[in-house]
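A.B. asks: If you scroll down you'll find the structure; I have some questions about it.
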Amino acid sequence: MNRTDRLYAIVEELRAVAPRCKSARELAARFEVSPRTVERDISALQQSGVPIYAEPGRRGGYALDKRMSLPPLNFTPAEAVAVAVALGRAGDNPFAFHARGALRKLIAAMSPPDGARARELAARVHMIVEPEPYPRVSRVIEQALLHRRVLRLRYEDQKGRTTVREVEPAIFVGGRGGHWYLVGMCRLRQDVRVFRLDRIGWAEETDETAPEHPPERFAPHLPDVVMRSPEFD
């Protein structure tokens with residue numbers, strides 16, 4: 001997560017729990033940075049006008065002005081659990097990190113009695129599923145899709161040949177055998193290509209904005225991904 005995304009995420013994290021506060025240590029653990037980095041981020045947000053204030057004391061921390069918090073949501077406990085189950089099934093799938101954030105906000109914004117009832121009901125719902133492979137490199141790809149940036153990646157095809165490519169990412173697809181694929185415009189081949197995520201050795205988001213590719217353009221390639229193992233070159 002780059003700093004801009006982290007600053008936005010810190011505000012949303014504090015908004016979800018307002019008027020309660022969170023310590024720098026809790027925020028640091030949440031975003032996998034140091035408490036000192038969180039303190040610098042909070043200072044930058046305050047200087048830009050975001051109404052974050054510090055609560056002193058052992059149980060203190062940082063809080064967002066309650067006027068910036070979410071109002072209580074009118075989900076019933078059953079509706080909240082239904083949403084939680086749907087978000088929980090994200091597992092390690094694309095944007096699972098964001099799904100977990102959305103789930104925390106949903107529960108935090110409910111009234112205390114309904115939130116407690118939703119947690120109690122959720123404890124009675126269990127899913128036994130085999131996790132699907134979803135390599136860590138996919139987080140970079142997620143960000144490139146969100147920011148519409150060109151990706152640079154190293155890819156090994158099914159014959160063991162390795163190439164470095166620039167790809168204009170378009171869509172994620174869950175395909176046969178539980179594998180995840182990236183479909184996009186490959187500049188090396190000057191055509192649409194399908195990349196299996198566990199064959200991507202590394203990926204980085206460039207500063208170049210990718211051209212807009214409507215998802216419909218890639219529809220003809222999806223049956224190959226879903227129904228059988230596609231050819232890679």
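The chains in the structure tokens are called A, B, ... from first to last as shown; in each chain the residues are counted from 1, and the ligands are counted from 1 in the order shown.
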Which residues come within 6 Å of range 199-213 of chain A, counting only C-alpha atoms, excluding same-chain residues fewer than 2 positions away, as a list in words?
C.D. replies: Ala144, Arg148, Arg149, Val150, Leu151, Arg152, Leu153, Arg154, Tyr155, Glu156, Glu168, Arg196 and Leu197 of chain A
A.B. asks: Do you have the CA of Ala63 in chain A-CA of Thr37 in chain A distance handy?
C.D. replies: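 Between CA of Ala63 in chain A and CA of Thr37 in chain A the gap works out to 16.9 Å.
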A.B. asks: For Phe172 in chain A, please output as a PyMOL selection string all residues within 9 Å (counting only C-alpha atoms; exclusion window: fewer than 4 positions along the same chain).
C.D. replies: chain A and resi 94+142+180-183
A.B. asks: Which is closer to Ser48 in chain A than all the others in A:Val33, A:Leu7, A:Ala80, A:Ala18, using only C-alpha atoms?
C.D. replies: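 Result for the nearest residue to Ser48 in chain A: A:Leu7.
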